[in-house]
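Just query.cif here, mmCIF, C-alpha atoms, pLDDT in the B column; chains and numbers go by the auth columns:
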data_target
#
loop_
_atom_site.group_PDB
_atom_site.id
_atom_site.type_symbol
_atom_site.label_atom_id
_atom_site.label_comp_id
_atom_site.label_asym_id
_atom_site.label_seq_id
_atom_site.Cartn_x
_atom_site.Cartn_y
_atom_site.Cartn_z
_atom_site.B_iso_or_equiv
_atom_site.auth_seq_id
_atom_site.auth_asym_id
ATOM 1 C CA MET A 1 -17.596 7.652 -1.988 75.00 1 A
ATOM 2 C CA SER A 2 -15.698 5.798 -4.694 91.00 2 A
ATOM 3 C CA VAL A 3 -12.696 3.532 -4.252 95.00 3 A
ATOM 4 C CA MET A 4 -10.253 1.828 -6.600 97.00 4 A
ATOM 5 C CA TRP A 5 -9.865 -1.899 -6.158 98.00 5 A
ATOM 6 C CA ALA A 6 -8.665 -5.120 -7.721 98.00 6 A
ATOM 7 C CA ALA A 7 -9.513 -8.594 -6.486 98.00 7 A
ATOM 8 C CA THR A 8 -9.637 -12.307 -7.058 98.00 8 A
ATOM 9 C CA SER A 9 -12.264 -13.426 -9.555 97.00 9 A
ATOM 10 C CA PRO A 10 -14.875 -15.620 -7.838 97.00 10 A
ATOM 11 C CA GLU A 11 -15.336 -17.526 -11.110 96.00 11 A
ATOM 12 C CA SER A 12 -11.705 -18.362 -11.919 96.00 12 A
ATOM 13 C CA GLY A 13 -10.131 -18.041 -8.475 96.00 13 A
ATOM 14 C CA LEU A 14 -7.360 -15.968 -10.058 97.00 14 A
ATOM 15 C CA PHE A 15 -6.381 -12.400 -9.198 98.00 15 A
ATOM 16 C CA GLN A 16 -7.607 -9.822 -11.716 97.00 16 A
ATOM 17 C CA PRO A 17 -5.052 -6.973 -11.511 95.00 17 A
ATOM 18 C CA VAL A 18 -7.119 -4.460 -13.481 95.00 18 A
ATOM 19 C CA GLU A 19 -8.434 -1.896 -11.016 97.00 19 A
ATOM 20 C CA LYS A 20 -12.102 -0.988 -10.885 97.00 20 A
ATOM 21 C CA ARG A 21 -13.547 2.272 -9.686 97.00 21 A
ATOM 22 C CA SER A 22 -16.777 1.792 -7.780 97.00 22 A
ATOM 23 C CA ASP A 23 -18.635 2.605 -4.637 94.00 23 A
ATOM 24 C CA MET A 24 -18.107 0.588 -1.488 93.00 24 A
ATOM 25 C CA LYS A 25 -21.187 -1.558 -2.186 96.00 25 A
ATOM 26 C CA ASP A 26 -19.583 -3.139 -5.280 97.00 26 A
ATOM 27 C CA LEU A 27 -16.406 -3.884 -3.338 97.00 27 A
ATOM 28 C CA SER A 28 -18.480 -5.371 -0.498 97.00 28 A
ATOM 29 C CA ASP A 29 -20.363 -7.529 -2.990 98.00 29 A
ATOM 30 C CA ARG A 30 -17.070 -8.869 -4.373 98.00 30 A
ATOM 31 C CA PHE A 31 -15.787 -9.556 -0.867 98.00 31 A
ATOM 32 C CA ASN A 32 -18.998 -11.433 -0.025 97.00 32 A
ATOM 33 C CA ASP A 33 -18.668 -13.485 -3.224 98.00 33 A
ATOM 34 C CA LEU A 34 -15.099 -14.352 -2.260 98.00 34 A
ATOM 35 C CA ARG A 35 -16.201 -15.267 1.282 97.00 35 A
ATOM 36 C CA SER A 36 -18.636 -17.714 -0.319 97.00 36 A
ATOM 37 C CA CYS A 37 -15.682 -19.217 -2.212 97.00 37 A
ATOM 38 C CA GLY A 38 -13.693 -19.520 1.010 97.00 38 A
ATOM 39 C CA GLN A 39 -10.744 -17.330 0.078 98.00 39 A
ATOM 40 C CA GLY A 40 -9.661 -14.215 -1.757 98.00 40 A
ATOM 41 C CA TYR A 41 -7.239 -11.369 -2.270 98.00 41 A
ATOM 42 C CA VAL A 42 -8.289 -7.695 -2.468 98.00 42 A
ATOM 43 C CA GLU A 43 -6.293 -4.500 -3.035 98.00 43 A
ATOM 44 C CA VAL A 44 -8.010 -1.188 -2.292 97.00 44 A
ATOM 45 C CA ARG A 45 -7.016 2.478 -2.399 97.00 45 A
ATOM 46 C CA SER A 46 -8.519 5.914 -2.625 93.00 46 A
ATOM 47 C CA SER A 47 -9.822 6.878 -6.039 91.00 47 A
ATOM 48 C CA ASN A 48 -7.760 10.070 -6.002 91.00 48 A
ATOM 49 C CA ARG A 49 -4.420 8.818 -4.584 92.00 49 A
ATOM 50 C CA GLU A 50 -2.082 6.057 -5.708 94.00 50 A
ATOM 51 C CA PHE A 51 -0.991 5.282 -2.126 95.00 51 A
ATOM 52 C CA PRO A 52 -1.581 3.978 0.433 95.00 52 A
ATOM 53 C CA VAL A 53 -2.922 0.643 -0.794 97.00 53 A
ATOM 54 C CA LEU A 54 -4.479 -1.720 1.707 97.00 54 A
ATOM 55 C CA ILE A 55 -4.341 -5.426 0.864 98.00 55 A
ATOM 56 C CA LEU A 56 -6.589 -8.065 2.409 98.00 56 A
ATOM 57 C CA ALA A 57 -5.765 -11.729 1.860 98.00 57 A
ATOM 58 C CA PHE A 58 -7.953 -14.343 3.506 98.00 58 A
ATOM 59 C CA ARG A 59 -8.726 -18.019 3.605 98.00 59 A
ATOM 60 C CA GLY A 60 -11.627 -19.205 5.729 98.00 60 A
ATOM 61 C CA ASN A 61 -11.653 -17.267 8.995 97.00 61 A
ATOM 62 C CA HIS A 62 -7.995 -16.233 8.782 98.00 62 A
ATOM 63 C CA ALA A 63 -6.812 -13.013 7.159 98.00 63 A
ATOM 64 C CA VAL A 64 -3.630 -11.017 6.699 98.00 64 A
ATOM 65 C CA VAL A 65 -3.584 -7.276 6.000 98.00 65 A
ATOM 66 C CA HIS A 66 -0.725 -5.535 4.181 98.00 66 A
ATOM 67 C CA LEU A 67 -0.168 -1.821 3.715 97.00 67 A
ATOM 68 C CA MET A 68 1.753 -0.511 0.729 96.00 68 A
ATOM 69 C CA SER A 69 2.767 3.029 1.702 94.00 69 A
ATOM 70 C CA ASP A 70 4.604 3.684 -1.558 94.00 70 A
ATOM 71 C CA THR A 71 6.357 1.679 -4.268 93.00 71 A
ATOM 72 C CA GLU A 72 9.124 0.645 -1.874 95.00 72 A
ATOM 73 C CA ARG A 73 7.460 0.326 1.541 96.00 73 A
ATOM 74 C CA MET A 74 5.269 -2.554 2.667 97.00 74 A
ATOM 75 C CA SER A 75 4.027 -3.345 6.178 97.00 75 A
ATOM 76 C CA LEU A 76 2.010 -6.110 7.811 97.00 76 A
ATOM 77 C CA LEU A 77 -0.701 -5.469 10.367 97.00 77 A
ATOM 78 C CA VAL A 78 -0.014 -7.214 13.662 97.00 78 A
ATOM 79 C CA GLY A 79 -2.533 -9.993 14.322 96.00 79 A
ATOM 80 C CA ASP A 80 -5.406 -9.949 16.762 96.00 80 A
ATOM 81 C CA GLY A 81 -4.601 -13.198 18.594 96.00 81 A
ATOM 82 C CA THR A 82 -6.988 -15.264 16.474 95.00 82 A
ATOM 83 C CA VAL A 83 -4.136 -17.712 15.866 96.00 83 A
ATOM 84 C CA ALA A 84 -1.324 -18.570 18.273 96.00 84 A
ATOM 85 C CA SER A 85 1.943 -16.771 17.593 94.00 85 A
ATOM 86 C CA GLY A 86 3.857 -19.894 16.551 90.00 86 A
ATOM 87 C CA ALA A 87 1.103 -21.327 14.339 96.00 87 A
ATOM 88 C CA GLU A 88 1.189 -20.932 10.560 97.00 88 A
ATOM 89 C CA VAL A 89 -1.674 -19.987 8.257 97.00 89 A
ATOM 90 C CA GLU A 90 -1.850 -19.981 4.453 98.00 90 A
ATOM 91 C CA VAL A 91 -3.675 -17.207 2.605 98.00 91 A
ATOM 92 C CA PRO A 92 -3.699 -16.331 -1.095 98.00 92 A
ATOM 93 C CA ILE A 93 -1.358 -13.568 -2.201 98.00 93 A
ATOM 94 C CA MET A 94 -2.438 -12.811 -5.745 96.00 94 A
ATOM 95 C CA ASP A 95 -2.539 -16.339 -7.232 95.00 95 A
ATOM 96 C CA ASP A 96 -0.319 -18.274 -4.801 97.00 96 A
ATOM 97 C CA LEU A 97 -0.716 -19.386 -1.215 97.00 97 A
ATOM 98 C CA ALA A 98 1.689 -17.750 1.229 98.00 98 A
ATOM 99 C CA VAL A 99 2.444 -18.762 4.811 98.00 99 A
ATOM 100 C CA PHE A 100 2.192 -16.293 7.705 98.00 100 A
ATOM 101 C CA THR A 101 2.712 -16.854 11.411 97.00 101 A
ATOM 102 C CA GLY A 102 -0.070 -16.175 13.873 97.00 102 A
ATOM 103 C CA ASP A 103 1.680 -12.902 14.751 97.00 103 A
ATOM 104 C CA PHE A 104 0.094 -11.402 11.623 98.00 104 A
ATOM 105 C CA VAL A 105 -3.233 -13.239 11.385 98.00 105 A
ATOM 106 C CA LEU A 106 -6.595 -11.612 12.056 97.00 106 A
ATOM 107 C CA ASP A 107 -10.146 -12.859 12.041 98.00 107 A
ATOM 108 C CA THR A 108 -11.492 -12.313 8.507 98.00 108 A
ATOM 109 C CA ASP A 109 -14.546 -10.365 9.706 97.00 109 A
ATOM 110 C CA ARG A 110 -12.309 -8.040 11.729 96.00 110 A
ATOM 111 C CA ALA A 111 -9.952 -7.592 8.772 97.00 111 A
ATOM 112 C CA TRP A 112 -12.882 -6.647 6.534 97.00 112 A
ATOM 113 C CA GLU A 113 -14.029 -4.074 9.122 96.00 113 A
ATOM 114 C CA LEU A 114 -10.551 -2.541 8.940 96.00 114 A
ATOM 115 C CA VAL A 115 -10.723 -2.369 5.147 95.00 115 A
ATOM 116 C CA HIS A 116 -14.091 -0.639 5.450 93.00 116 A
ATOM 117 C CA ASP A 117 -12.664 1.830 8.015 94.00 117 A
ATOM 118 C CA PHE A 118 -9.724 2.518 5.696 94.00 118 A
ATOM 119 C CA THR A 119 -12.043 3.329 2.782 92.00 119 A
ATOM 120 C CA GLN A 120 -13.886 5.834 4.968 90.00 120 A
ATOM 121 C CA THR A 121 -10.910 7.569 6.589 88.00 121 A
ATOM 122 C CA ARG A 122 -8.128 6.959 3.999 84.00 122 A
ATOM 123 C CA ALA A 123 -5.818 6.476 7.003 85.00 123 A
ATOM 124 C CA ALA A 124 -4.047 3.231 7.844 84.00 124 A
ATOM 125 C CA GLY A 125 -2.307 4.275 11.075 83.00 125 A
ATOM 126 C CA PRO A 126 -5.389 4.002 13.306 86.00 126 A
ATOM 127 C CA LEU A 127 -6.121 0.451 12.115 88.00 127 A
ATOM 128 C CA GLY A 128 -3.554 -1.091 14.457 91.00 128 A
ATOM 129 C CA GLU A 129 0.140 -1.789 14.908 94.00 129 A
ATOM 130 C CA TRP A 130 2.149 -2.142 11.687 96.00 130 A
ATOM 131 C CA CYS A 131 5.387 -4.050 11.177 95.00 131 A
ATOM 132 C CA GLU A 132 7.427 -2.748 8.250 94.00 132 A
ATOM 133 C CA LEU A 133 8.870 -5.418 5.949 92.00 133 A
#

Take the structure from the file and write it as structure tokens.
Amino acid sequence: MSVMWAATSPESGLFQPVEKRSDMKDLSDRFNDLRSCGQGYVEVRSSNREFPVLILAFRGNHAVVHLMSDTERMSLLVGDGTVASGAEVEVPIMDDLAVFTGDFVLDTDRAWELVHDFTQTRAAGPLGEWCEL
């Protein structure tokens, strides 16, 4: 099953916005390379639909997952309790670090599992509770 994705370059540390079409193995390889670098930003969608787009941003063991439902609707996945509600975590959004409260932080391994589930089902609803921005 092929997916469309764009991600941070492990070499430069900068987001490469040009989408690639590949199987899940290539996307997993990129994610693993980024894990080795300690942080990254990945956008993924179905190869035959423009939306939804799932976005994974992580730094160390902390991740944030966004859902772009269409050009005007963005949501954040509610966190899994990895970080206390009032704590703040920085993750890369494209090429800049952004701050999120613990309310929206997940364990990076769990977030990657959700991305994998999304690529299999093409459905974001079952991944958890979403908070529209």

statement: Between A:Ser85, A:Ser22, A:Gln16, A:Asn61, smallest distance to A:Arg45 by all atoms listed in the file belongs to A:Ser22

Explicit residue set for the PyMOL selection byres ((chain A and resi 97) around 12), as a ChimeraX atom specification: /A:13-14,39-41,57-59,64,89-96,98-100

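When atom CA of A:Gly81 is paired with atom CA of A:Arg35, their separation reads 20.9 Å.
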
query: Can you list what the PyMOL selection byres ((chain A and resi 78) around 7) grabs from this structure, as a count of residues only?
result: 9

message: With distances taken over only C-alpha atoms, which residue among A:Ser36, A:Ser47, A:Ser75, A:Thr8 lies nearest A:Asp23?
response: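 Of A:Ser36, A:Ser47, A:Ser75, A:Thr8, the one nearest A:Asp23 is A:Ser47, counting only C-alpha atoms.
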
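Among the candidates A:Leu34, A:Ala87, A:Met4, A:Val115, the one nearest to A:Ser46 when counting only C-alpha atoms is A:Met4.
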
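Counting all atoms listed in the file, the residue from A:Pro52, A:Gly60, A:Glu43, A:Phe15 that sits nearest to A:Asp109 is A:Gly60.
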
Which residue of A:Asp33, A:Gly102, A:Met24, A:Asn48 approaches A:Asp117 most closely, using all atoms listed in the file: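 Nearest candidate to A:Asp117 out of A:Asp33, A:Gly102, A:Met24, A:Asn48: A:Met24.
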
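Counting only C-alpha atoms and comparing A:Gln120, A:Ser2, A:Ser9, A:Thr101, the residue that lies closest to A:Phe31 is A:Ser9.
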
message: Need the shell around A:His116: protein/DNA/RNA residues with any atom at most 12 Å away, counting only C-alpha atoms. Skip same-chain ones fewer than 4 positions apart. Format as a VMD selection string?
response: chain A and resid 1 3 23 to 25 27 to 28 31 44 to 46 54 to 56 109 to 112 120 to 124 127

task: Please indicate the distance in Å from atom CA of A:Phe118 to atom CA of A:Ser69, rounded to one decimal place.
output: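 Atom-to-atom, atom CA of A:Phe118 to atom CA of A:Ser69, that is 13.1 Å.
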
query: Hey, can you check how far atom CA of A:Glu88 sits from atom CA of A:Val105?
result: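 These two atoms are separated by 8.9 Å.
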
message: Applying 8 Å and all atoms listed in the file, which residues near A:Pro17 remain after dropping the ones on its own chain fewer than 2 positions away? List them as a ChimeraX atom specification.
response: /A:6-7,15,19

- prompt: Which residues, written as a ChimeraX atom specification, have at least one atom at most 7 Å from A:His62, with only C-alpha atoms counted and residues fewer than 6 positions away on the same chain left out?
  reply: /A:105-108

Select stretch 20-51 of chain A in the preceding structure and write N, CA, C and O atoms to a file as a short mmCIF file (atom, residue, chain, number, x, y, z; two decimals), in the first residue's frame.
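Written file, decode_30.cif:
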data_model
loop_
_atom_site.label_atom_id
_atom_site.label_comp_id
_atom_site.auth_asym_id
_atom_site.auth_seq_id
_atom_site.Cartn_x
_atom_site.Cartn_y
_atom_site.Cartn_z
N LYS A 20 6.70 12.55 -1.33
CA LYS A 20 7.19 11.33 -1.96
C LYS A 20 6.09 10.30 -1.90
O LYS A 20 5.35 10.23 -0.92
N ARG A 21 6.01 9.50 -2.93
CA ARG A 21 5.07 8.38 -2.94
C ARG A 21 5.91 7.13 -2.72
O ARG A 21 6.88 6.89 -3.45
N SER A 22 5.57 6.36 -1.70
CA SER A 22 6.32 5.15 -1.42
C SER A 22 5.46 4.18 -0.63
O SER A 22 4.33 4.50 -0.25
N ASP A 23 6.05 3.03 -0.35
CA ASP A 23 5.37 2.11 0.53
C ASP A 23 5.69 2.50 1.98
O ASP A 23 6.52 3.38 2.24
N MET A 24 5.05 1.85 2.90
CA MET A 24 5.20 2.19 4.31
C MET A 24 6.63 1.94 4.79
O MET A 24 7.11 2.62 5.70
N LYS A 25 7.34 1.01 4.21
CA LYS A 25 8.71 0.71 4.63
C LYS A 25 9.61 1.93 4.46
O LYS A 25 10.40 2.25 5.34
N ASP A 26 9.50 2.64 3.34
CA ASP A 26 10.34 3.83 3.12
C ASP A 26 10.02 4.92 4.14
O ASP A 26 10.92 5.58 4.65
N LEU A 27 8.74 5.09 4.44
CA LEU A 27 8.35 6.08 5.45
C LEU A 27 8.88 5.65 6.82
O LEU A 27 9.41 6.48 7.57
N SER A 28 8.78 4.38 7.14
CA SER A 28 9.32 3.87 8.41
C SER A 28 10.82 4.08 8.51
O SER A 28 11.34 4.44 9.57
N ASP A 29 11.51 3.85 7.40
CA ASP A 29 12.96 4.07 7.38
C ASP A 29 13.29 5.53 7.67
O ASP A 29 14.21 5.83 8.43
N ARG A 30 12.53 6.45 7.06
CA ARG A 30 12.78 7.88 7.32
C ARG A 30 12.51 8.20 8.79
O ARG A 30 13.28 8.90 9.43
N PHE A 31 11.40 7.68 9.31
CA PHE A 31 11.09 7.93 10.71
C PHE A 31 12.21 7.42 11.61
O PHE A 31 12.64 8.11 12.53
N ASN A 32 12.71 6.23 11.33
CA ASN A 32 13.80 5.67 12.14
C ASN A 32 15.07 6.52 12.04
O ASN A 32 15.78 6.71 13.03
N ASP A 33 15.35 7.04 10.84
CA ASP A 33 16.50 7.94 10.68
C ASP A 33 16.31 9.20 11.53
O ASP A 33 17.25 9.68 12.18
N LEU A 34 15.10 9.73 11.53
CA LEU A 34 14.81 10.93 12.31
C LEU A 34 14.88 10.63 13.81
O LEU A 34 15.36 11.45 14.59
N ARG A 35 14.43 9.46 14.21
CA ARG A 35 14.54 9.06 15.63
C ARG A 35 16.01 9.06 16.05
O ARG A 35 16.36 9.48 17.14
N SER A 36 16.87 8.58 15.15
CA SER A 36 18.31 8.57 15.44
C SER A 36 18.86 9.99 15.61
O SER A 36 19.81 10.21 16.35
N CYS A 37 18.24 10.94 14.91
CA CYS A 37 18.65 12.35 15.01
C CYS A 37 18.04 13.03 16.25
O CYS A 37 18.45 14.13 16.61
N GLY A 38 17.03 12.41 16.83
CA GLY A 38 16.42 12.95 18.03
C GLY A 38 15.17 13.78 17.83
O GLY A 38 14.48 14.10 18.79
N GLN A 39 14.87 14.13 16.58
CA GLN A 39 13.65 14.90 16.33
C GLN A 39 13.29 14.86 14.86
O GLN A 39 14.12 14.55 14.01
N GLY A 40 12.02 15.21 14.58
CA GLY A 40 11.60 15.26 13.19
C GLY A 40 10.16 15.70 13.04
O GLY A 40 9.42 15.84 14.02
N TYR A 41 9.79 15.90 11.80
CA TYR A 41 8.45 16.35 11.41
C TYR A 41 8.06 15.58 10.16
O TYR A 41 8.83 15.52 9.19
N VAL A 42 6.88 14.93 10.20
CA VAL A 42 6.42 14.09 9.09
C VAL A 42 4.97 14.40 8.79
O VAL A 42 4.14 14.47 9.70
N GLU A 43 4.65 14.57 7.50
CA GLU A 43 3.27 14.71 7.04
C GLU A 43 2.96 13.49 6.18
O GLU A 43 3.76 13.13 5.31
N VAL A 44 1.81 12.87 6.40
CA VAL A 44 1.46 11.67 5.63
C VAL A 44 -0.02 11.70 5.26
O VAL A 44 -0.85 12.19 6.03
N ARG A 45 -0.30 11.19 4.06
CA ARG A 45 -1.70 11.09 3.59
C ARG A 45 -1.82 9.91 2.65
O ARG A 45 -0.83 9.31 2.22
N SER A 46 -3.04 9.61 2.31
CA SER A 46 -3.30 8.55 1.34
C SER A 46 -2.77 8.97 -0.03
O SER A 46 -2.76 10.15 -0.36
N SER A 47 -2.35 8.01 -0.81
CA SER A 47 -1.84 8.34 -2.14
C SER A 47 -2.94 8.72 -3.12
O SER A 47 -2.67 9.26 -4.17
N ASN A 48 -4.20 8.47 -2.75
CA ASN A 48 -5.28 8.79 -3.69
C ASN A 48 -6.25 9.85 -3.17
O ASN A 48 -7.29 10.07 -3.76
N ARG A 49 -5.92 10.49 -2.03
CA ARG A 49 -6.76 11.57 -1.49
C ARG A 49 -5.88 12.67 -0.93
O ARG A 49 -4.88 12.40 -0.29
N GLU A 50 -6.28 13.91 -1.15
CA GLU A 50 -5.51 15.04 -0.64
C GLU A 50 -5.64 15.20 0.87
O GLU A 50 -4.71 15.62 1.55
N PHE A 51 -6.80 14.85 1.40
CA PHE A 51 -7.07 14.94 2.85
C PHE A 51 -7.74 13.66 3.30
O PHE A 51 -8.38 12.99 2.50
#
